[in-house]
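Novice: Following this line is start_28.txt, made up of compact mmCIF, C-alpha atoms:
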```txt
# COMPACT_ATOMS: atom_id res chain seq x y z
CA MET Y 1 -51.05 71.90 102.22
CA ASN Y 2 -51.84 70.31 98.85
CA VAL Y 3 -55.01 71.42 97.09
CA PHE Y 4 -56.47 69.86 93.94
CA ALA Y 5 -59.01 71.82 91.88
CA ASP Y 6 -60.71 71.30 88.54
CA TYR Y 7 -59.97 73.61 85.63
CA LEU Y 8 -62.56 74.64 83.06
CA GLY Y 9 -60.60 77.27 81.17
CA HIS Y 10 -62.10 80.13 83.24
CA SER Y 11 -58.88 82.10 83.59
CA ASP Y 12 -60.13 84.61 86.15
CA LEU Y 13 -61.63 81.92 88.36
CA TYR Y 14 -58.57 79.69 88.34
CA TYR Y 15 -56.25 82.62 88.98
CA SER Y 16 -58.43 83.60 91.95
CA LEU Y 17 -57.88 80.09 93.34
CA HIS Y 18 -54.16 80.52 92.75
CA LEU Y 19 -54.20 83.81 94.68
CA LEU Y 20 -56.23 82.34 97.52
CA PHE Y 21 -54.45 79.04 98.01
CA GLU Y 22 -50.89 79.73 96.84
CA LYS Y 23 -50.42 83.43 97.60
CA ARG Y 24 -52.63 83.86 100.67
CA LEU Y 25 -52.65 80.39 102.27
CA LYS Y 26 -49.18 79.24 101.09
CA ALA Y 27 -50.54 75.95 99.70
CA ASN Y 28 -49.70 74.03 96.53
CA LEU Y 29 -52.50 74.15 93.96
CA PHE Y 30 -52.77 71.40 91.35
CA ARG Y 31 -55.19 70.83 88.49
CA PRO Y 32 -55.89 67.87 86.19
CA ILE Y 33 -54.36 67.28 82.79
CA GLY Y 34 -54.20 64.47 80.28
CA PRO Y 35 -56.55 61.89 78.72
CA GLU Y 36 -56.38 59.39 81.59
CA TRP Y 37 -58.97 61.35 83.57
CA SER Y 38 -61.60 60.85 80.88
CA GLU Y 39 -60.43 57.30 80.16
CA LYS Y 40 -61.19 56.47 83.79
CA GLY Y 41 -64.65 57.98 83.38
CA PHE Y 42 -64.06 61.18 85.35
CA LEU Y 43 -63.07 64.51 83.78
CA ASN Y 44 -62.16 65.92 80.38
CA PRO Y 45 -59.27 68.24 81.27
CA PRO Y 46 -56.88 69.82 78.77
CA SER Y 47 -54.31 67.63 77.07
CA VAL Y 48 -50.69 67.31 78.20
CA ASP Y 49 -49.70 68.71 74.80
CA PRO Y 50 -49.20 72.47 75.25
CA ALA Y 51 -50.27 73.01 71.65
CA GLU Y 52 -53.68 71.67 72.63
CA GLU Y 53 -54.09 73.97 75.62
CA ALA Y 54 -56.18 76.08 73.22
CA THR Y 55 -55.57 79.41 74.93
CA PRO Y 56 -53.30 82.32 73.96
CA LEU Y 57 -52.24 82.56 77.60
CA ASN Y 58 -49.96 79.52 77.56
CA LEU Y 59 -47.15 80.95 75.49
CA ALA Y 60 -44.14 79.19 77.00
CA GLU Y 61 -43.26 75.51 76.85
CA VAL Y 62 -44.58 73.11 79.42
CA ASN Y 63 -41.90 71.72 81.74
CA GLN Y 64 -42.34 68.34 83.36
CA THR Y 65 -40.65 67.45 86.64
CA ASP Y 66 -41.51 64.47 88.84
CA ASP Y 67 -44.68 63.84 86.80
CA ILE Y 68 -45.93 67.38 87.42
CA HIS Y 69 -46.53 69.55 84.36
CA TYR Y 70 -45.59 73.19 84.94
CA ILE Y 71 -47.58 75.33 82.51
CA PRO Y 72 -46.51 78.99 82.29
CA VAL Y 73 -49.52 81.26 81.82
CA LYS Y 74 -48.82 84.67 80.34
CA MET Y 75 -49.98 87.63 82.44
CA GLU Y 76 -48.93 91.21 83.20
CA LEU Y 77 -46.79 90.06 86.12
CA GLU Y 78 -43.25 91.09 86.99
CA ASP Y 79 -41.76 87.96 85.44
CA GLY Y 80 -44.42 87.77 82.73
CA TYR Y 81 -46.36 84.70 83.83
CA TYR Y 82 -47.61 82.51 86.62
CA THR Y 83 -47.60 78.71 86.60
CA HIS Y 84 -50.25 76.03 86.61
CA LYS Y 85 -49.17 72.80 88.29
CA ALA Y 86 -51.03 70.07 86.42
CA ILE Y 87 -51.08 66.33 87.11
CA THR Y 88 -52.31 63.20 85.41
CA PHE Y 89 -54.76 60.85 87.06
CA SER Y 90 -51.96 58.40 87.93
CA GLN Y 91 -49.98 61.14 89.64
CA PHE Y 92 -53.11 62.24 91.49
CA LEU Y 93 -53.42 58.75 92.97
CA ARG Y 94 -49.80 58.82 94.15
CA MET Y 95 -50.13 62.15 95.95
CA ASP Y 96 -51.74 63.15 99.23
CA PHE Y 97 -54.18 66.07 99.26
CA ASP Y 98 -55.65 68.11 102.08
CA LEU Y 99 -58.43 69.60 99.95
CA ILE Y 100 -60.29 68.81 96.77
CA VAL Y 101 -62.09 71.80 95.23
CA THR Y 102 -64.63 71.67 92.44
CA THR Y 103 -65.88 74.81 90.71
CA PHE Y 104 -68.45 73.14 88.42
CA PHE Y 105 -71.79 71.68 89.49
CA GLU Y 106 -71.46 68.59 87.25
CA HIS Y 107 -68.15 67.79 88.90
CA GLU Y 108 -69.64 67.66 92.39
CA ARG Y 109 -70.93 64.13 91.86
CA ILE Y 110 -67.75 63.10 90.01
CA PHE Y 111 -65.36 64.32 92.70
CA HIS Y 112 -67.51 62.77 95.39
CA LYS Y 113 -67.03 59.45 93.59
CA VAL Y 114 -63.27 60.03 93.25
CA LEU Y 115 -62.91 60.93 96.91
CA LYS Y 116 -64.96 58.01 98.15
CA ARG Y 117 -62.95 55.56 96.09
CA TYR Y 118 -59.43 56.97 96.27
CA LYS Y 119 -59.11 59.79 98.84
CA PRO Y 120 -61.64 59.14 101.61
CA ASN Y 121 -59.77 61.26 104.19
CA THR Y 122 -59.53 64.37 102.02
CA ALA Y 123 -61.80 67.36 102.73
CA PHE Y 124 -64.16 68.31 99.89
CA ILE Y 125 -65.10 71.88 98.94
CA ARG Y 126 -67.29 73.21 96.19
CA GLN Y 127 -66.82 76.77 94.98
CA ILE Y 128 -70.07 78.42 93.84
CA GLY Y 129 -70.05 81.70 91.96
CA ASN Y 130 -72.78 81.31 89.34
CA ILE Y 131 -76.18 82.80 90.01
CA HIS Y 132 -78.82 80.66 91.76
CA GLU Y 133 -76.58 77.59 92.06
CA LYS Y 134 -76.87 75.37 95.09
CA PRO Y 135 -74.95 72.23 96.04
CA LEU Y 136 -76.28 68.95 94.72
CA GLY Y 137 -75.95 67.28 98.11
CA PHE Y 138 -72.66 65.44 97.57
CA CYS Y 139 -70.60 68.30 99.01
CA LYS Y 140 -71.60 70.14 102.19
CA ASN Y 141 -68.69 72.64 102.30
CA ILE Y 142 -69.23 75.65 100.07
CA LEU Y 143 -66.86 78.48 99.19
CA LEU Y 144 -69.63 80.88 98.25
CA ALA Y 145 -69.13 83.87 95.97
CA GLN Y 146 -72.85 84.66 95.96
CA LEU Y 147 -75.59 85.65 98.37
CA THR Y 148 -77.87 82.83 97.25
CA PRO Y 149 -79.42 81.26 100.39
CA MET Y 150 -77.88 77.87 101.16
CA PRO Y 151 -79.69 74.82 102.60
CA PRO Y 152 -79.55 74.65 106.42
CA ASN Y 153 -77.22 71.63 106.48
CA VAL Y 154 -74.53 73.35 104.38
CA ASN Y 155 -71.28 74.64 105.87
CA TYR Y 156 -70.36 77.73 103.85
CA VAL Y 157 -68.22 80.84 103.91
CA ILE Y 158 -68.98 83.90 101.78
CA TYR Y 159 -66.03 85.52 100.04
CA HIS Y 160 -65.05 87.65 97.04
CA PRO Y 161 -62.82 85.84 94.52
CA GLU Y 162 -59.69 87.92 94.21
CA GLN Y 163 -58.90 89.44 90.82
CA TYR Y 164 -55.59 89.80 89.04
CA GLU Y 165 -53.36 92.49 90.53
CA GLY Y 166 -53.29 94.45 87.27
CA TYR Y 167 -56.84 95.61 87.98
CA CYS Y 168 -55.75 98.51 90.14
CA TYR Y 169 -56.24 102.26 90.08
CA THR Y 170 -54.46 104.41 87.56
CA PRO Y 171 -55.65 107.93 86.71
CA PRO Y 172 -57.97 107.89 83.68
CA THR Y 173 -56.40 108.81 80.36
CA ASN Y 174 -59.72 109.77 78.77
CA HIS Y 175 -63.06 110.88 80.11
CA ASN Y 176 -65.62 109.97 77.47
CA THR Y 177 -65.13 106.31 76.53
CA VAL Y 178 -67.84 103.83 77.55
CA ASN Y 179 -66.75 100.19 77.26
CA ASN Y 180 -68.95 97.11 77.65
CA PHE Y 181 -67.17 93.82 78.44
CA ALA Y 182 -70.21 91.68 79.29
CA ASN Y 183 -71.20 88.92 76.90
CA HIS Y 184 -74.36 88.69 74.82
CA LEU Y 185 -75.58 92.29 75.18
CA PRO Y 186 -77.43 92.13 71.82
CA SER Y 187 -79.43 89.15 73.14
CA TYR Y 188 -81.33 91.42 75.53
CA PRO Y 189 -83.38 93.83 73.36
CA TYR Y 190 -84.57 96.05 76.23
CA ASP Y 191 -81.01 96.61 77.46
CA LEU Y 192 -79.75 97.02 73.89
CA ASP Y 193 -82.34 99.77 73.42
CA THR Y 194 -80.98 101.46 76.55
CA TRP Y 195 -77.44 101.19 75.16
CA ASN Y 196 -78.55 102.67 71.82
CA LYS Y 197 -80.36 105.55 73.50
CA CYS Y 198 -77.35 106.43 75.63
CA GLU Y 199 -74.96 106.15 72.69
CA SER Y 200 -77.09 108.34 70.42
CA SER Y 201 -77.63 110.93 73.17
CA LEU Y 202 -73.99 111.21 74.24
CA ARG Y 203 -72.45 112.77 71.15
CA GLY Y 204 -68.70 113.06 71.38
CA PHE Y 205 -68.48 109.87 73.47
CA THR Y 206 -67.00 106.61 72.20
CA PHE Y 207 -69.02 103.46 72.92
CA LYS Y 208 -67.33 100.07 72.51
CA MET Y 209 -69.39 96.88 72.77
CA TYR Y 210 -66.88 94.14 73.54
CA GLY Y 211 -67.73 90.65 74.74
CA THR Y 212 -69.17 87.61 72.99
CA ASP Y 213 -71.69 88.71 70.31
CA GLY Y 214 -70.63 92.33 70.80
CA ARG Y 215 -70.11 94.37 67.67
CA ASP Y 216 -66.47 95.04 68.63
CA GLY Y 217 -65.69 91.43 69.59
CA PRO Y 218 -64.25 90.02 72.80
CA VAL Y 219 -61.09 91.43 74.35
CA PRO Y 220 -58.34 88.78 74.75
CA HIS Y 221 -57.88 87.92 78.40
CA LEU Y 222 -54.29 89.15 78.48
CA LEU Y 223 -55.39 92.59 77.23
CA MET Y 224 -58.33 93.06 79.59
CA PRO Y 225 -56.52 95.03 82.33
CA GLN Y 226 -55.34 97.60 79.81
CA ALA Y 227 -58.78 97.75 78.20
CA MET Y 228 -60.26 98.39 81.63
CA ARG Y 229 -57.76 101.18 82.27
CA ASP Y 230 -58.57 102.68 78.86
CA SER Y 231 -62.24 102.97 79.88
CA ALA Y 232 -63.76 106.11 81.29
CA PHE Y 233 -66.92 104.22 82.27
CA VAL Y 234 -67.65 100.49 82.24
CA TRP Y 235 -71.09 99.59 80.94
CA HIS Y 236 -72.23 96.68 83.08
CA VAL Y 237 -75.93 96.37 82.40
CA LYS Y 238 -76.00 92.59 82.60
CA ALA Y 239 -79.37 90.88 82.80
CA GLN Y 240 -77.85 87.46 83.52
CA GLY Y 241 -76.10 88.60 86.68
CA GLY Y 242 -74.05 91.73 86.84
CA GLY Y 243 -71.90 91.08 89.87
CA GLY Y 244 -69.01 88.84 88.87
CA PHE Y 245 -65.38 89.36 87.95
CA VAL Y 246 -65.89 92.25 85.50
CA ALA Y 247 -67.79 94.31 88.07
CA ARG Y 248 -65.06 93.86 90.69
CA GLN Y 249 -62.30 94.44 88.13
CA ALA Y 250 -63.88 97.72 87.07
CA LEU Y 251 -64.35 98.96 90.63
CA ALA Y 252 -60.83 97.89 91.65
CA SER Y 253 -59.49 99.79 88.63
CA GLY Y 254 -61.37 102.88 89.71
CA ARG Y 255 -63.72 102.96 86.76
CA PRO Y 256 -67.33 103.87 87.59
CA CYS Y 257 -69.93 101.47 86.24
CA ILE Y 258 -73.14 102.11 84.37
CA ILE Y 259 -75.60 99.52 85.68
CA LYS Y 260 -79.13 98.43 86.34
CA LYS Y 261 -78.76 97.42 89.94
CA LYS Y 262 -81.98 95.42 89.94
CA TYR Y 263 -80.12 92.62 88.13
CA ALA Y 264 -77.58 92.23 90.94
CA VAL Y 265 -80.43 92.31 93.45
CA TRP Y 266 -82.59 89.78 91.58
CA HIS Y 267 -79.70 87.35 91.31
CA ASP Y 268 -78.33 87.79 94.86
CA GLU Y 269 -74.99 89.01 93.55
CA LEU Y 270 -72.31 90.19 95.96
CA ALA Y 271 -72.05 93.36 93.89
CA LYS Y 272 -75.42 94.56 95.13
CA GLU Y 273 -73.54 95.47 98.33
CA LEU Y 274 -70.71 97.14 96.39
CA PHE Y 275 -72.64 99.36 93.97
CA VAL Y 276 -73.84 102.70 95.35
CA ASP Y 277 -75.51 105.05 92.90
CA SER Y 278 -73.80 108.41 92.41
CA VAL Y 279 -70.76 107.12 94.32
CA ASN Y 280 -69.18 104.39 92.17
CA CYS Y 281 -71.93 103.75 89.63
CA ILE Y 282 -74.81 105.26 87.70
CA ASP Y 283 -77.97 103.21 88.14
CA LEU Y 284 -80.11 103.46 85.01
CA ASP Y 285 -83.02 101.94 86.95
CA LEU Y 286 -83.41 105.42 88.44
CA GLY Y 287 -84.02 106.86 84.97
CA VAL Y 288 -82.18 106.67 81.67
CA GLU Y 289 -82.34 110.42 81.02
CA ARG Y 290 -81.04 111.03 84.55
CA GLY Y 291 -78.25 108.54 83.84
CA ILE Y 292 -77.28 110.29 80.62
CA GLU Y 293 -77.00 113.61 82.42
CA LYS Y 294 -74.97 111.96 85.19
CA ILE Y 295 -72.55 110.51 82.63
CA ARG Y 296 -72.13 113.98 81.12
CA GLU Y 297 -71.54 115.47 84.56
CA TRP Y 298 -69.00 112.84 85.58
CA SER Y 299 -67.17 113.05 82.25
CA GLN Y 300 -65.90 116.53 83.05
CA PRO Y 301 -62.16 115.92 83.59
CA ASP Y 302 -61.88 117.15 87.17
CA SER Y 303 -65.07 115.39 88.23
CA HIS Y 304 -64.12 112.19 86.42
CA ILE Y 305 -60.69 111.96 88.03
CA GLU Y 306 -62.28 112.51 91.44
CA VAL Y 307 -64.97 109.85 90.85
CA CYS Y 308 -62.45 107.31 89.55
CA LYS Y 309 -60.19 107.74 92.55
CA ALA Y 310 -63.12 107.55 94.96
CA THR Y 311 -64.37 104.38 93.23
CA ALA Y 312 -61.03 102.63 93.74
CA GLU Y 313 -60.77 103.80 97.36
CA LYS Y 314 -64.27 102.54 98.13
CA PHE Y 315 -63.43 99.13 96.67
CA LYS Y 316 -60.43 98.86 99.00
CA ARG Y 317 -62.63 99.72 101.96
CA ASP Y 318 -65.32 97.26 100.91
CA ILE Y 319 -63.12 94.22 100.27
CA ASN Y 320 -60.03 93.13 102.17
CA PHE Y 321 -58.76 89.99 100.46
CA ALA Y 322 -56.18 89.32 103.16
CA ASP Y 323 -58.82 89.37 105.90
CA GLU Y 324 -61.13 87.16 103.85
CA ALA Y 325 -58.30 84.67 103.33
CA GLU Y 326 -57.77 84.48 107.10
CA ARG Y 327 -61.47 83.71 107.59
CA ILE Y 328 -61.28 81.04 104.91
CA LYS Y 329 -58.14 79.60 106.52
CA GLU Y 330 -59.93 79.16 109.83
CA TRP Y 331 -62.97 77.73 108.06
CA ILE Y 332 -60.77 75.20 106.25
CA ASN Y 333 -58.93 74.27 109.45
CA ASN Y 334 -62.26 73.57 111.15
CA LEU Y 335 -63.55 71.34 108.37
CA ARG Y 336 -60.25 69.46 108.19
CA ARG Y 337 -60.40 68.81 111.93
CA ARG Y 338 -63.91 67.44 111.48
CA GLN Y 339 -62.72 65.36 108.53
CA ASN Y 340 -60.07 63.72 110.68
```
Just dump the structure as structure tokens.
Specialist:
Amino acid sequence: MNVFADYLGHSDLYYSLHLLFEKRLKANLFRPIGPEWSEKGFLNPPSVDPAEEATPLNLAEVNQTDDIHYIPVKMELEDGYYTHKAITFSQFLRMDFDLIVTTFFEHERIFHKVLKRYKPNTAFIRQIGNIHEKPLGFCKNILLAQLTPMPPNVNYVIYHPEQYEGYCYTPPTNHNTVNNFANHLPSYPYDLDTWNKCESSLRGFTFKMYGTDGRDGPVPHLLMPQAMRDSAFVWHVKAQGGGGFVARQALASGRPCIIKKKYAVWHDELAKELFVDSVNCIDLDLGVERGIEKIREWSQPDSHIEVCKATAEKFKRDINFADEAERIKEWINNLRRRQN
């Protein structure tokens, strides 16, 4: 099975597609590259030139075979990287595809146009993971990483995008480090006040505010798994969502989260079904002073090790990526049969 998907530089999202389609479903995943896509009036993907890939992940040279560009992407894997298979627009026209997947709402109309003109027998899927997004009407098949209600005429399957394997349980090496990885925390004064109150109250703790606009700056993508493992607690008070990759990465790593669960509920995030106060998270909506005392309690070494292990074990019970892939496989087979 050949699958073509867009690529917007969201490393976690694209790697989740790689895990789903190549690892789980044994398909070949391709993405666009080169100026011809924009010259034809479609996309603006990265250049063929590896120097213009503009990401520290692509550290090895690009190899080209049979008009397919193989782009090694550096990760903490056994051989050090995984590979993007990227194709120009001309190569796209020469190939046959079983599925076209778009992950960006503006591309739904564009890929509909491409399919209608060049690949009319190819099944079309849109992946939706951003809060409150709904299909524009050009694609009726939705790979849905949200709990946002879909229109009645939409064929969808709910799933959890799989994270990189490096986000897995290891015993904590410290018990009093609170790390925030969410972007734009200073942009939300009420939540920043909560952060400041917790930091000033928890003397002897180390608070690191990573992420865009954070005082400690963003963590490079390649270093995120280690930064997650170096956390004792992951601060994930995120007003603009709170249930995406970072939440799942923290829980999979066995690091309890400090949250305001109302955000995941408001935005219909999948994480609202994962977070359970006093089990794998501390919900500050139930009281900031209570939360501070809970952090102190859980930071005791024996308690912290127990909570971290229980957090990772709960995540494994909550999400079975292999089972979800089998459901998606059957869903894809059904839509392909309808397509033909």
Novice: Which residue, Y:His69, Y:Asn180, Y:Gln64, Y:Leu13, has the smallest gap to Y:Arg31 when you use all atoms listed in the file?
Specialist: Y:His69
Novice: Env of stretch 288-304 of chain Y: 12 Å cut, atoms = all atoms listed in the file, seq-sep filter 6 positions within chain, self excluded. Answer as a PyMOL selection string.
Specialist: chain Y and resi 171-178+191+193-206+231-235+254-260+277-282+310-311
Novice: Calculate how many Å separate atom CA of Y:Ile328 from atom CA of Y:Leu143, rounding to one decimal.
Specialist: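 Distance between the two atoms: 8.4 Å.
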Novice: Given the choices Y:Pro135, Y:Pro72, Y:Arg24, Y:Ala182, which gets closest to Y:Phe321 if the distance is worked out from only C-alpha atoms?
Specialist: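 Among the listed residues, Y:Arg24 lies closest to Y:Phe321.
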Novice: Need to verify the contact set: stretch 106-119 of chain Y, 12 Å, all atoms listed in the file, exclusion of same-chain residues closer than 3 positions in sequence. Can you return it as JSON, numbers by chain?
Specialist: {"Y": [4, 5, 6, 7, 8, 37, 38, 40, 41, 42, 43, 44, 45, 89, 90, 92, 93, 94, 95, 96, 97, 98, 99, 100, 101, 102, 103, 122, 123, 124, 125, 126, 127, 128, 133, 134, 135, 136, 137, 138, 139, 140, 141, 142, 339]}
Novice: Which residues, written as a list in words, have at least one atom at most 7 Å from stretch 158-163 of chain Y, with only C-alpha atoms counted and residues fewer than 5 positions away on the same chain left out?
Specialist: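 So, after excluding close chain neighbours, the residues are Asp12, Ser16, Leu19, Leu143, Leu144, Ala145, Gln249, Phe321 and Glu324 of chain Y.
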Novice: Neighbours of Y:Asn183 within 9 Å (all atoms listed in the file; same-chain residues fewer than 6 positions away dropped), as number ranges by chain?
Specialist: Y: 210-214, 218, 238
Novice: Specify the axis-aligned box that encloses all atoms of stretch 112-122 of chain Y listed in the file after padding of 8 Å on each side, stating its centre and edge lengths in Å to one decimal as lines of an AutoDock Vina configuration file.
Specialist:
```
center_x = -63.3
center_y = 60.0
center_z = 98.7
size_x = 24.4
size_y = 24.8
size_z = 26.9
```
Novice: Output as CSV one row per residue of stretch 96-186 of chain Y within 10 Å of stretch 240-243 of chain Y: the closest atom pair and its distance in Å to one decimal place, counting all atoms listed in the file, sorted by chain and residue number ascending.
Specialist:
```
residue,atom,partner,partner_atom,distance
Y:Gly129,CA,Y:Gly243,CA,9.8
Y:Asn130,CA,Y:Gly241,CA,8.4
Y:Ile131,CA,Y:Gly241,CA,6.7
Y:His132,CA,Y:Gly241,CA,9.8
Y:Ala145,CA,Y:Gly243,CA,9.8
Y:Gln146,CA,Y:Gly243,CA,8.9
Y:Ala182,CA,Y:Gly242,CA,8.5
Y:Asn183,CA,Y:Gln240,CA,9.5
Y:His184,CA,Y:Gln240,CA,9.5
Y:Leu185,CA,Y:Gln240,CA,9.9
```
Novice: Could you check how far atom CA of Y:Pro151 sits from atom CA of Y:Lys329, in Å to one decimal?
Specialist: 22.4 Å
Novice: Could you check the closest approach to Y:Ala27 for each of Y:Asp66, Y:Lys85, Y:Leu192, Y:Cys168 and tell me which residue wins, using all atoms listed in the file?
Specialist: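 Smallest distance to Y:Ala27 is found for Y:Lys85.
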Novice: Which is closer to Y:Tyr82 than all the others in Y:Glu22, Y:Glu306, Y:Asp67, Y:Glu36, using all atoms listed in the file?
Specialist: Y:Glu22
Novice: Would you work out the distance separating atom CA of Y:Leu147 from atom CA of Y:Gly166, expressed in Å to one decimal?
Specialist: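 These atoms are spaced 26.4 Å apart.
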Novice: Have a look at Y:Ile305, Y:Ala247, Y:Ala252, Y:Ala312 and name the one nearest to Y:Lys272; count all atoms listed in the file.
Specialist: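 Residue with the minimum atom-to-atom distance to Y:Lys272: Y:Ala247.
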Novice: For a quick check of your reading of the model, name the residues lying within 9 Å of the coordinate (-75.8, 91.1, 94.9), counting all atoms listed in the file, and write them as a list in words.
Specialist: Gln146, Leu147, Thr148, Gly241, Gly242, Gly243, Lys261, Tyr263, Ala264, Val265, Trp266, His267, Asp268, Glu269, Leu270, Ala271, Lys272, Glu273, Leu274 and Phe275 of chain Y
Novice: So, with all atoms listed in the file as the atoms that count, which of Y:Ile33, Y:Ile87, Y:Leu20, Y:Leu222 lies closest to Y:Met75?
Specialist: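 Closest residue, counting all atoms listed in the file: Y:Leu222.
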